[in-house]
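Trainee: So here's coords02.pdb (PDB, C-alpha atoms).
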ATOM      1  CA  MET J   1     -21.500   9.785   5.401
ATOM      2  CA  PRO J   2     -21.648  13.380   6.753
ATOM      3  CA  LEU J   3     -23.618  15.919   4.728
ATOM      4  CA  THR J   4     -21.379  18.392   2.909
ATOM      5  CA  ILE J   5     -22.644  21.986   2.954
ATOM      6  CA  PRO J   6     -21.324  24.300   0.203
ATOM      7  CA  THR J   7     -19.153  27.174   1.434
ATOM      8  CA  TRP J   8     -21.496  29.878   0.111
ATOM      9  CA  MET J   9     -24.444  28.320   1.950
ATOM     10  CA  ARG J  10     -22.488  27.857   5.180
ATOM     11  CA  ARG J  11     -22.046  31.634   5.489
ATOM     12  CA  LEU J  12     -25.845  31.989   5.802
ATOM     13  CA  LEU J  13     -26.101  29.585   8.709
ATOM     14  CA  PRO J  14     -25.752  30.340  12.449
ATOM     15  CA  ARG J  15     -22.149  30.229  13.740
ATOM     16  CA  ARG J  16     -22.509  26.788  15.329
ATOM     17  CA  PHE J  17     -23.392  25.331  11.927
ATOM     18  CA  ARG J  18     -20.612  27.160  10.110
ATOM     19  CA  GLU J  19     -17.824  25.320  11.872
ATOM     20  CA  THR J  20     -16.480  22.378   9.900
ATOM     21  CA  PRO J  21     -14.840  19.421  11.687
ATOM     22  CA  PRO J  22     -11.290  18.359  10.800
ATOM     23  CA  ARG J  23     -11.279  16.254   7.639
ATOM     24  CA  VAL J  24      -9.089  13.194   7.038
ATOM     25  CA  ALA J  25      -8.933  11.426   3.674
ATOM     26  CA  VAL J  26      -8.743   7.636   3.986
ATOM     27  CA  VAL J  27      -7.001   5.560   1.301
ATOM     28  CA  ARG J  28      -7.031   1.779   1.474
ATOM     29  CA  LEU J  29      -3.923  -0.034   0.145
ATOM     30  CA  SER J  30      -4.656  -3.750   0.250
ATOM     31  CA  GLY J  31      -3.118  -6.724  -1.531
ATOM     32  CA  ALA J  32       0.154  -7.950  -2.954
ATOM     33  CA  ILE J  33       2.268  -5.269  -4.598
ATOM     34  CA  GLY J  34       2.722  -5.659  -8.333
ATOM     35  CA  ALA J  35       0.798  -8.965  -8.455
ATOM     36  CA  VAL J  36      -2.006  -9.424 -10.955
ATOM     37  CA  SER J  37      -4.817 -11.973 -10.966
ATOM     38  CA  PRO J  38      -7.871 -12.435 -13.210
ATOM     39  CA  ILE J  39     -10.150 -11.238 -10.400
ATOM     40  CA  ARG J  40      -8.184  -8.451  -8.745
ATOM     41  CA  ALA J  41      -5.135  -6.458  -9.771
ATOM     42  CA  GLY J  42      -2.359  -5.968  -7.262
ATOM     43  CA  LEU J  43      -1.138  -2.667  -5.894
ATOM     44  CA  SER J  44       0.942  -0.611  -8.306
ATOM     45  CA  ILE J  45       1.608   3.055  -8.933
ATOM     46  CA  GLY J  46      -0.900   2.852 -11.781
ATOM     47  CA  THR J  47      -3.719   1.519  -9.614
ATOM     48  CA  VAL J  48      -3.176   3.700  -6.540
ATOM     49  CA  ALA J  49      -2.003   7.037  -8.013
ATOM     50  CA  PRO J  50      -5.545   8.292  -8.833
ATOM     51  CA  SER J  51      -6.737   7.556  -5.284
ATOM     52  CA  LEU J  52      -3.710   9.282  -3.768
ATOM     53  CA  GLU J  53      -4.185  12.343  -5.969
ATOM     54  CA  ARG J  54      -7.853  12.623  -4.973
ATOM     55  CA  ALA J  55      -6.990  12.200  -1.301
ATOM     56  CA  PHE J  56      -4.301  14.884  -1.157
ATOM     57  CA  THR J  57      -6.321  17.405  -3.185
ATOM     58  CA  MET J  58      -9.452  17.118  -1.052
ATOM     59  CA  SER J  59     -10.598  20.492   0.272
ATOM     60  CA  GLY J  60     -10.357  21.341   3.980
ATOM     61  CA  LEU J  61      -7.912  18.513   4.611
ATOM     62  CA  SER J  62      -6.151  17.997   7.944
ATOM     63  CA  ALA J  63      -4.436  14.677   7.212
ATOM     64  CA  VAL J  64      -4.360  11.607   4.973
ATOM     65  CA  ALA J  65      -4.731   8.125   6.470
ATOM     66  CA  LEU J  66      -3.368   5.066   4.662
ATOM     67  CA  VAL J  67      -4.955   1.758   5.645
ATOM     68  CA  ILE J  68      -2.314  -0.835   4.738
ATOM     69  CA  ASN J  69      -2.776  -4.580   4.480
ATOM     70  CA  SER J  70      -0.039  -6.017   2.282
ATOM     71  CA  PRO J  71       2.526  -8.836   2.472
ATOM     72  CA  GLY J  72       4.762  -6.979   0.029
ATOM     73  CA  GLY J  73       5.794  -7.779  -3.524
ATOM     74  CA  SER J  74       7.573  -5.777  -6.201
ATOM     75  CA  PRO J  75      10.293  -3.537  -4.711
ATOM     76  CA  VAL J  76       9.982  -1.178  -7.679
ATOM     77  CA  GLN J  77       6.231  -0.639  -7.317
ATOM     78  CA  SER J  78       6.619  -0.338  -3.523
ATOM     79  CA  HIS J  79       9.217   2.384  -3.949
ATOM     80  CA  LEU J  80       7.189   4.228  -6.609
ATOM     81  CA  ILE J  81       4.146   4.301  -4.322
ATOM     82  CA  TYR J  82       6.320   5.424  -1.392
ATOM     83  CA  GLN J  83       7.807   8.250  -3.463
ATOM     84  CA  ARG J  84       4.407   9.430  -4.694
ATOM     85  CA  ILE J  85       3.025   9.619  -1.148
ATOM     86  CA  ARG J  86       6.046  11.563   0.087
ATOM     87  CA  ALA J  87       5.926  13.936  -2.890
ATOM     88  CA  LEU J  88       2.220  14.698  -2.385
ATOM     89  CA  ALA J  89       2.660  15.108   1.381
ATOM     90  CA  ALA J  90       5.488  17.604   0.857
ATOM     91  CA  GLU J  91       3.684  19.464  -1.918
ATOM     92  CA  LYS J  92       0.414  19.841   0.010
ATOM     93  CA  GLU J  93       2.069  20.032   3.456
ATOM     94  CA  ILE J  94      -0.280  17.355   4.770
ATOM     95  CA  LYS J  95       0.401  14.952   7.639
ATOM     96  CA  VAL J  96       0.198  11.249   6.743
ATOM     97  CA  PHE J  97      -0.830   8.386   9.027
ATOM     98  CA  ALA J  98      -0.420   4.681   8.217
ATOM     99  CA  PHE J  99      -2.711   2.159   9.891
ATOM    100  CA  VAL J 100      -1.559  -1.465   9.651
ATOM    101  CA  GLU J 101      -4.210  -4.161   9.517
ATOM    102  CA  ASP J 102      -3.081  -7.806   9.201
ATOM    103  CA  ALA J 103       0.325  -7.000   7.737
ATOM    104  CA  ALA J 104       2.673  -4.311   6.525
ATOM    105  CA  ALA J 105       5.507  -6.588   5.503
ATOM    106  CA  SER J 106       8.406  -6.108   3.093
ATOM    107  CA  GLY J 107       7.152  -3.693   0.410
ATOM    108  CA  GLY J 108       4.034  -3.104   2.505
ATOM    109  CA  TYR J 109       6.252  -1.771   5.293
ATOM    110  CA  MET J 110       8.182   0.354   2.800
ATOM    111  CA  ILE J 111       4.892   2.047   1.871
ATOM    112  CA  ALA J 112       4.004   2.461   5.556
ATOM    113  CA  CYS J 113       7.306   4.307   6.045
ATOM    114  CA  ALA J 114       5.958   7.055   3.789
ATOM    115  CA  ALA J 115       3.712   8.059   6.710
ATOM    116  CA  ASP J 116       4.706  10.477   9.450
ATOM    117  CA  GLU J 117       3.204   8.097  12.011
ATOM    118  CA  ILE J 118       2.599   4.338  11.820
ATOM    119  CA  VAL J 119      -0.143   2.792  13.962
ATOM    120  CA  ALA J 120      -0.546  -1.000  14.155
ATOM    121  CA  ASP J 121      -2.844  -3.485  15.814
ATOM    122  CA  PRO J 122      -1.108  -5.419  18.611
ATOM    123  CA  ALA J 123      -1.338  -8.588  16.488
ATOM    124  CA  SER J 124      -0.341  -7.030  13.151
ATOM    125  CA  LEU J 125       2.691  -8.468  11.363
ATOM    126  CA  VAL J 126       5.262  -5.750  10.708
ATOM    127  CA  GLY J 127       8.710  -5.715   9.141
ATOM    128  CA  SER J 128      10.205  -8.356   6.826
ATOM    129  CA  ILE J 129      12.837  -5.816   5.778
ATOM    130  CA  GLY J 130      14.738  -7.930   3.310
ATOM    131  CA  VAL J 131      14.930  -9.174  -0.285
ATOM    132  CA  VAL J 132      14.051 -12.651  -1.535
ATOM    133  CA  SER J 133      14.273 -14.469  -4.851
ATOM    134  CA  ALA J 134      12.841 -17.984  -5.142
ATOM    135  CA  GLY J 135      12.289 -20.556  -7.856
ATOM    136  CA  PHE J 136      12.612 -24.207  -8.820
ATOM    137  CA  GLY J 137      15.245 -26.295 -10.575
ATOM    138  CA  PHE J 138      14.045 -28.752 -13.230
ATOM    139  CA  ASP J 139      17.338 -29.803 -14.820
ATOM    140  CA  ARG J 140      17.354 -33.301 -13.278
ATOM    141  CA  LEU J 141      13.690 -33.822 -14.104
ATOM    142  CA  ILE J 142      14.029 -33.076 -17.817
ATOM    143  CA  GLU J 143      17.142 -35.244 -17.961
ATOM    144  CA  ARG J 144      15.237 -38.143 -16.405
ATOM    145  CA  ILE J 145      12.387 -37.930 -18.928
ATOM    146  CA  GLY J 146      14.700 -37.467 -21.884
ATOM    147  CA  ILE J 147      14.220 -33.773 -22.699
ATOM    148  CA  GLU J 148      17.169 -31.739 -23.941
ATOM    149  CA  ARG J 149      17.299 -28.025 -23.079
ATOM    150  CA  ARG J 150      18.562 -25.800 -25.920
ATOM    151  CA  VAL J 151      19.304 -22.130 -25.217
ATOM    152  CA  HIS J 152      21.145 -19.762 -27.568
ATOM    153  CA  THR J 153      21.975 -16.226 -26.408
ATOM    154  CA  GLN J 154      23.960 -13.159 -27.288
ATOM    155  CA  GLY J 155      25.419 -12.159 -23.921
ATOM    156  CA  GLU J 156      26.662 -14.685 -21.415
ATOM    157  CA  ALA J 157      24.300 -13.499 -18.654
ATOM    158  CA  LYS J 158      21.160 -13.444 -20.804
ATOM    159  CA  ALA J 159      19.931 -16.850 -19.555
ATOM    160  CA  MET J 160      20.948 -16.282 -15.943
ATOM    161  CA  LEU J 161      19.194 -18.562 -13.431
ATOM    162  CA  ASP J 162      17.540 -20.675 -16.130
ATOM    163  CA  PRO J 163      15.518 -23.218 -14.063
ATOM    164  CA  PHE J 164      16.099 -25.965 -16.650
ATOM    165  CA  ARG J 165      19.899 -25.869 -16.293
ATOM    166  CA  PRO J 166      22.097 -26.584 -13.248
ATOM    167  CA  GLU J 167      22.789 -23.571 -11.043
ATOM    168  CA  ASN J 168      25.807 -21.539 -12.050
ATOM    169  CA  PRO J 169      27.843 -20.093  -9.140
ATOM    170  CA  GLN J 170      28.457 -16.948 -11.187
ATOM    171  CA  ASP J 171      24.691 -16.464 -11.624
ATOM    172  CA  ILE J 172      24.162 -16.829  -7.875
ATOM    173  CA  ALA J 173      26.919 -14.313  -7.112
ATOM    174  CA  ARG J 174      25.350 -11.827  -9.543
ATOM    175  CA  LEU J 175      21.914 -12.324  -7.995
ATOM    176  CA  LYS J 176      23.371 -11.686  -4.531
ATOM    177  CA  GLU J 177      24.828  -8.391  -5.787
ATOM    178  CA  ILE J 178      21.431  -7.284  -7.051
ATOM    179  CA  GLN J 179      19.723  -8.305  -3.808
ATOM    180  CA  ALA J 180      22.323  -6.447  -1.741
ATOM    181  CA  ASP J 181      21.763  -3.266  -3.735
ATOM    182  CA  VAL J 182      17.974  -3.431  -3.288
ATOM    183  CA  GLN J 183      18.440  -4.223   0.422
ATOM    184  CA  ALA J 184      20.695  -1.179   0.843
ATOM    185  CA  LEU J 185      17.973   1.022  -0.666
ATOM    186  CA  PHE J 186      15.307  -0.515   1.578
ATOM    187  CA  SER J 187      17.275  -0.349   4.839
ATOM    188  CA  GLY J 188      18.492   3.189   4.104
ATOM    189  CA  LEU J 189      14.918   4.330   3.518
ATOM    190  CA  VAL J 190      13.761   2.767   6.788
ATOM    191  CA  ARG J 191      16.605   4.328   8.768
ATOM    192  CA  GLU J 192      15.826   7.752   7.285
ATOM    193  CA  ARG J 193      12.098   7.578   8.007
ATOM    194  CA  ARG J 194      12.338   5.768  11.363
ATOM    195  CA  PRO J 195      15.035   7.550  13.419
ATOM    196  CA  THR J 196      13.775   5.916  16.655
ATOM    197  CA  LEU J 197      14.729   2.375  15.602
ATOM    198  CA  ASP J 198      16.303   0.205  18.293
ATOM    199  CA  ALA J 199      19.981   0.436  17.316
ATOM    200  CA  SER J 200      20.871  -2.561  19.493
ATOM    201  CA  ARG J 201      18.907  -4.949  17.253
ATOM    202  CA  ASP J 202      19.513  -6.006  13.668
ATOM    203  CA  LEU J 203      16.139  -5.235  12.152
ATOM    204  CA  PHE J 204      17.155  -5.903   8.554
ATOM    205  CA  THR J 205      17.233  -9.704   8.563
ATOM    206  CA  GLY J 206      13.846 -10.187   6.891
ATOM    207  CA  ALA J 207      12.196 -11.126  10.212
ATOM    208  CA  VAL J 208       8.671 -10.018  11.090
ATOM    209  CA  TRP J 209       7.314  -8.863  14.447
ATOM    210  CA  THR J 210       3.904  -8.382  15.998
ATOM    211  CA  GLY J 211       2.581  -4.875  16.435
ATOM    212  CA  ARG J 212       3.475  -4.917  20.128
ATOM    213  CA  GLN J 213       7.031  -6.042  19.400
ATOM    214  CA  ALA J 214       7.341  -3.524  16.560
ATOM    215  CA  LEU J 215       6.385  -0.711  18.932
ATOM    216  CA  ASN J 216       9.243  -1.593  21.291
ATOM    217  CA  LEU J 217      11.650  -1.761  18.346
ATOM    218  CA  GLY J 218      10.647   1.623  16.958
ATOM    219  CA  LEU J 219       9.147   0.176  13.769
ATOM    220  CA  VAL J 220       5.744   1.695  14.603
ATOM    221  CA  ASP J 221       4.718   4.694  16.712
ATOM    222  CA  ALA J 222       1.579   3.448  18.453
ATOM    223  CA  LEU J 223      -0.958   0.657  18.794
ATOM    224  CA  GLY J 224      -4.557   1.260  17.870
ATOM    225  CA  ASP J 225      -7.026   1.554  15.020
ATOM    226  CA  LEU J 226      -8.002   4.243  12.536
ATOM    227  CA  ARG J 227     -11.293   5.355  14.114
ATOM    228  CA  GLY J 228     -10.051   5.540  17.688
ATOM    229  CA  THR J 229      -6.705   7.132  16.850
ATOM    230  CA  LEU J 230      -8.109   9.868  14.612
ATOM    231  CA  ARG J 231     -10.947  10.678  17.005
ATOM    232  CA  ALA J 232      -8.439  11.014  19.833
ATOM    233  CA  ARG J 233      -6.236  13.251  17.650
ATOM    234  CA  TYR J 234      -8.846  15.412  15.899
ATOM    235  CA  GLY J 235     -11.958  15.091  18.055
ATOM    236  CA  GLU J 236     -15.121  13.012  18.053
ATOM    237  CA  LYS J 237     -16.526  14.882  15.035
ATOM    238  CA  VAL J 238     -13.562  14.216  12.747
ATOM    239  CA  ASP J 239     -14.792  13.863   9.174
ATOM    240  CA  LEU J 240     -13.357  10.637   7.729
ATOM    241  CA  ARG J 241     -13.623  10.708   3.936
ATOM    242  CA  LEU J 242     -12.947   7.401   2.223
ATOM    243  CA  VAL J 243     -11.400   7.698  -1.230
ATOM    244  CA  ALA J 244     -12.869   4.817  -3.239
ATOM    245  CA  GLU J 245     -10.366   2.336  -4.612
ATOM    246  CA  ASN J 246      -9.511   2.802  -8.265
ATOM    247  CA  ARG J 247      -9.740  -0.877  -9.186
ATOM    248  CA  GLY J 248     -13.341  -1.648  -8.261
ATOM    249  CA  SER J 249     -14.810  -5.010  -7.292
ATOM    250  CA  TRP J 250     -14.862  -7.938  -9.718
ATOM    251  CA  LEU J 251     -18.672  -7.656  -9.908
ATOM    252  CA  ALA J 252     -18.552  -3.970 -10.801
ATOM    253  CA  ARG J 253     -15.936  -4.622 -13.483
ATOM    254  CA  LEU J 254     -18.121  -7.374 -14.928
ATOM    255  CA  LEU J 255     -21.187  -5.121 -14.989
ATOM    256  CA  ARG J 256     -19.233  -2.310 -16.655
ATOM    257  CA  ARG J 257     -18.406  -4.389 -19.724
ATOM    258  CA  ALA J 258     -21.320  -2.706 -21.524
ATOM    259  CA  GLY J 259     -19.234   0.490 -21.672
ATOM    260  CA  PRO J 260     -18.870   3.782 -19.758
ATOM    261  CA  GLY J 261     -21.871   5.543 -18.326
ATOM    262  CA  GLN J 262     -24.228   2.554 -18.314
ATOM    263  CA  THR J 263     -23.667  -0.977 -17.060
ATOM    264  CA  ALA J 264     -24.755  -4.242 -18.604
ATOM    265  CA  ALA J 265     -27.410  -4.529 -15.908
ATOM    266  CA  GLY J 266     -28.803  -1.105 -16.759
ATOM    267  CA  LEU J 267     -27.385   0.494 -13.609
ATOM    268  CA  PRO J 268     -25.568   3.859 -13.795
ATOM    269  CA  ASP J 269     -21.883   3.954 -12.868
ATOM    270  CA  ALA J 270     -22.626   6.393 -10.050
ATOM    271  CA  LEU J 271     -24.786   3.795  -8.302
ATOM    272  CA  ILE J 272     -22.127   1.089  -8.638
ATOM    273  CA  ALA J 273     -19.520   3.515  -7.278
ATOM    274  CA  ALA J 274     -21.739   4.333  -4.288
ATOM    275  CA  VAL J 275     -22.181   0.617  -3.508
ATOM    276  CA  GLU J 276     -18.435   0.053  -3.743
ATOM    277  CA  GLU J 277     -17.717   2.961  -1.409
ATOM    278  CA  ARG J 278     -20.193   1.658   1.153
ATOM    279  CA  ALA J 279     -18.618  -1.808   0.942
ATOM    280  CA  ALA J 280     -15.172  -0.284   1.490
ATOM    281  CA  TRP J 281     -16.402   1.511   4.599
ATOM    282  CA  ALA J 282     -17.785  -1.787   5.867
ATOM    283  CA  ARG J 283     -14.359  -3.414   5.409
ATOM    284  CA  LEU J 284     -12.868  -0.663   7.530
ATOM    285  CA  GLY J 285     -15.474  -1.251  10.227
ATOM    286  CA  LEU J 286     -16.809   2.324  10.001
TER
END
Reformat the file's structure so that it appears as C-alpha cells.

Mentor:
Amino acid sequence: MPLTIPTWMRRLLPRRFRETPPRVAVVRLSGAIGAVSPIRAGLSIGTVAPSLERAFTMSGLSAVALVINSPGGSPVQSHLIYQRIRALAAEKEIKVFAFVEDAAASGGYMIACAADEIVADPASLVGSIGVVSAGFGFDRLIERIGIERRVHTQGEAKAMLDPFRPENPQDIARLKEIQADVQALFSGLVRERRPTLDASRDLFTGAVWTGRQALNLGLVDALGDLRGTLRARYGEKVDLRLVAENRGSWLARLLRRAGPGQTAAGLPDALIAAVEERAAWARLGL
C-alpha cells in the first residue's frame, strides 16, 4: 500500500514530492444479495453501508470503484444499495465505476447500474433483468402418506401459495401482479441509467449475456479490469485504496468472540483487520 504523507508534512517537501496521485476508493460487493449463511452474510444495505460511507468520504478522492460479483437476490436490498450509492455519488459529486467479475446478474446488475460506467470482463455474465419466484408443491405427497393440512386464517390471501395445498389460480394471478410491478421498477431503472441500450432487442426477458455481448447491447460501457482501466484513466500512479469489507472473514469473526479490542487468540483487532485487507487485495489481484 502507498505511504500516506500528512498534509502539513507534505508542504515541507520538494515540489515533486508534494504532488499526490489521483485516489480511487475500491469497494468489493460480492455474494448473493439478502442471503444469509452461518459462515458468511449476504449483501444487504446493513452490511455494505459502512463501507460505502467510508469510500465516499475518503479525502482527496477522484472516483469510487465498485467490484461486483453477484448473481442477484433480494430486489429490496438491491434497490436500497443502488439508492445509497447514487445518493452518496450525488452528495459528494464523485464519479462511480462498476467492475464486473464473474457476474452482475439480476440484483447484481441493478447495483452495477448505480455506476456512471460499467466495465466487464469479456466472459462475465451480465443481465438477467427479470423477476423470479420458485418453490415446491407437496400437496400430493402429504396426501399419499396420510397427512392432513390444517390452515386457519383471517384474510383470504393470508396463506397464498401454501406449498402443502394445490395451487390456486387466484394466488398465481396475484403473484404475477407483484412480479410485474417489481419488473417495471427494475426495467425503468435500467432504461434511466443506460440510455445507450439497444432498442431493437428485448433486454428484459431475464436472459444473461457475456461481457462481449453486453457491450454490443449497451448493458456495459467497456471491457477490461479494474487495474488496467483506472491506470489508463488516471495514470500509472493512481492510488487505489481498498475499503475493507464490513463483514470480515469467518476466521476473524471466530477469533473476535472474546470481545472488542482483543481476540480470543490474543491478537489485536487492528492486526486482524490488516490481514483481512491484504487478503481482499489478493482477491482483486492487486

Trainee: If you apply the PyMOL selection byres ((chain J and resi 225-240) around 6) to this file, what residues do you get, as a list of chain:residue names?

Mentor: J:Pro21, J:Pro22, J:Arg23, J:Val24, J:Gly224, J:Arg241

Trainee: Report the closest atom pair, with its distance in Å rounded to one decimal, for each residue of segment 74-151 of chain J that has an atom no farther than 9 Å from segment 210-220 of chain J; count only C-alpha atoms, sort by chain and then rising residue number, and write it as CSV.

Mentor:
residue,atom,partner,partner_atom,distance
J:Val100,CA,J:Gly211,CA,8.6
J:Cys113,CA,J:Leu219,CA,9.0
J:Glu117,CA,J:Val220,CA,7.4
J:Ile118,CA,J:Val220,CA,5.0
J:Val119,CA,J:Val220,CA,6.0
J:Ala120,CA,J:Gly211,CA,5.5
J:Asp121,CA,J:Gly211,CA,5.6
J:Pro122,CA,J:Gly211,CA,4.3
J:Ala123,CA,J:Thr210,CA,5.3
J:Ser124,CA,J:Gly211,CA,4.9
J:Leu125,CA,J:Thr210,CA,4.8
J:Val126,CA,J:Thr210,CA,6.1
J:Gly127,CA,J:Leu219,CA,7.5

Trainee: Assuming the chain letters and numbering stay as they are in my file, what does the PyMOL selection byres ((chain J and resi 182-188) around 8) actually select? List them as a tab-separated table (two decimals) with C-alpha atoms, in the coordinates of the input.

Mentor:
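Once everything was written out, this is result-v3.tsv:
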chain	number	residue	atom	x	y	z
J	75	PRO	CA	10.29	-3.54	-4.71
J	110	MET	CA	8.18	0.35	2.80
J	129	ILE	CA	12.84	-5.82	5.78
J	130	GLY	CA	14.74	-7.93	3.31
J	131	VAL	CA	14.93	-9.17	-0.28
J	178	ILE	CA	21.43	-7.28	-7.05
J	179	GLN	CA	19.72	-8.30	-3.81
J	180	ALA	CA	22.32	-6.45	-1.74
J	181	ASP	CA	21.76	-3.27	-3.74
J	189	LEU	CA	14.92	4.33	3.52
J	190	VAL	CA	13.76	2.77	6.79
J	191	ARG	CA	16.60	4.33	8.77
J	192	GLU	CA	15.83	7.75	7.28
J	204	PHE	CA	17.16	-5.90	8.55

Trainee: How many Å separate atom CA of Lys92 of chain J from atom CA of Val243 of chain J?

Mentor: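 Those two atoms sit 17.0 Å apart.
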
Trainee: Starting from the PyMOL selection byres ((chain J and resi 150) around 12), expand the selection into actual residues of this file and give them as a tab-separated table (two decimals) with C-alpha atoms, in the coordinates of the input.

Mentor:
chain	number	residue	atom	x	y	z
J	139	ASP	CA	17.34	-29.80	-14.82
J	142	ILE	CA	14.03	-33.08	-17.82
J	147	ILE	CA	14.22	-33.77	-22.70
J	148	GLU	CA	17.17	-31.74	-23.94
J	149	ARG	CA	17.30	-28.02	-23.08
J	151	VAL	CA	19.30	-22.13	-25.22
J	152	HIS	CA	21.14	-19.76	-27.57
J	153	THR	CA	21.98	-16.23	-26.41
J	159	ALA	CA	19.93	-16.85	-19.56
J	162	ASP	CA	17.54	-20.68	-16.13
J	164	PHE	CA	16.10	-25.96	-16.65
J	165	ARG	CA	19.90	-25.87	-16.29

Trainee: At a cut-off of 10 Å, using all atoms listed in the file, what residues contact Arg84 of chain J? Leave out same-chain residues fewer than 3 positions from it and give the result as a ChimeraX atom specification.

Mentor: /J:45,48-49,52-53,79-81,87-90,111,114

Trainee: What is the distance, in Å and to one decimal place, between atom CA of Lys176 of chain J and atom CA of Gly107 of chain J?

Mentor: 18.7 Å

Trainee: Quote the spacing between atom CA of Ala32 of chain J and atom CA of Tyr109 of chain J in Å to one decimal place.

Mentor: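 Between atom CA of Ala32 of chain J and atom CA of Tyr109 of chain J the gap works out to 12.0 Å.
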
Trainee: From the options J:Leu43, J:Met58, J:Val26, J:Leu242, which residue's atoms come nearest to Ser74 of chain J, counting all atoms listed in the file?

Mentor: J:Leu43

Trainee: J:Phe97, J:Thr57, J:Glu156, J:Asp198: which is nearest Asn168 of chain J, counting only C-alpha atoms?

Mentor: J:Glu156
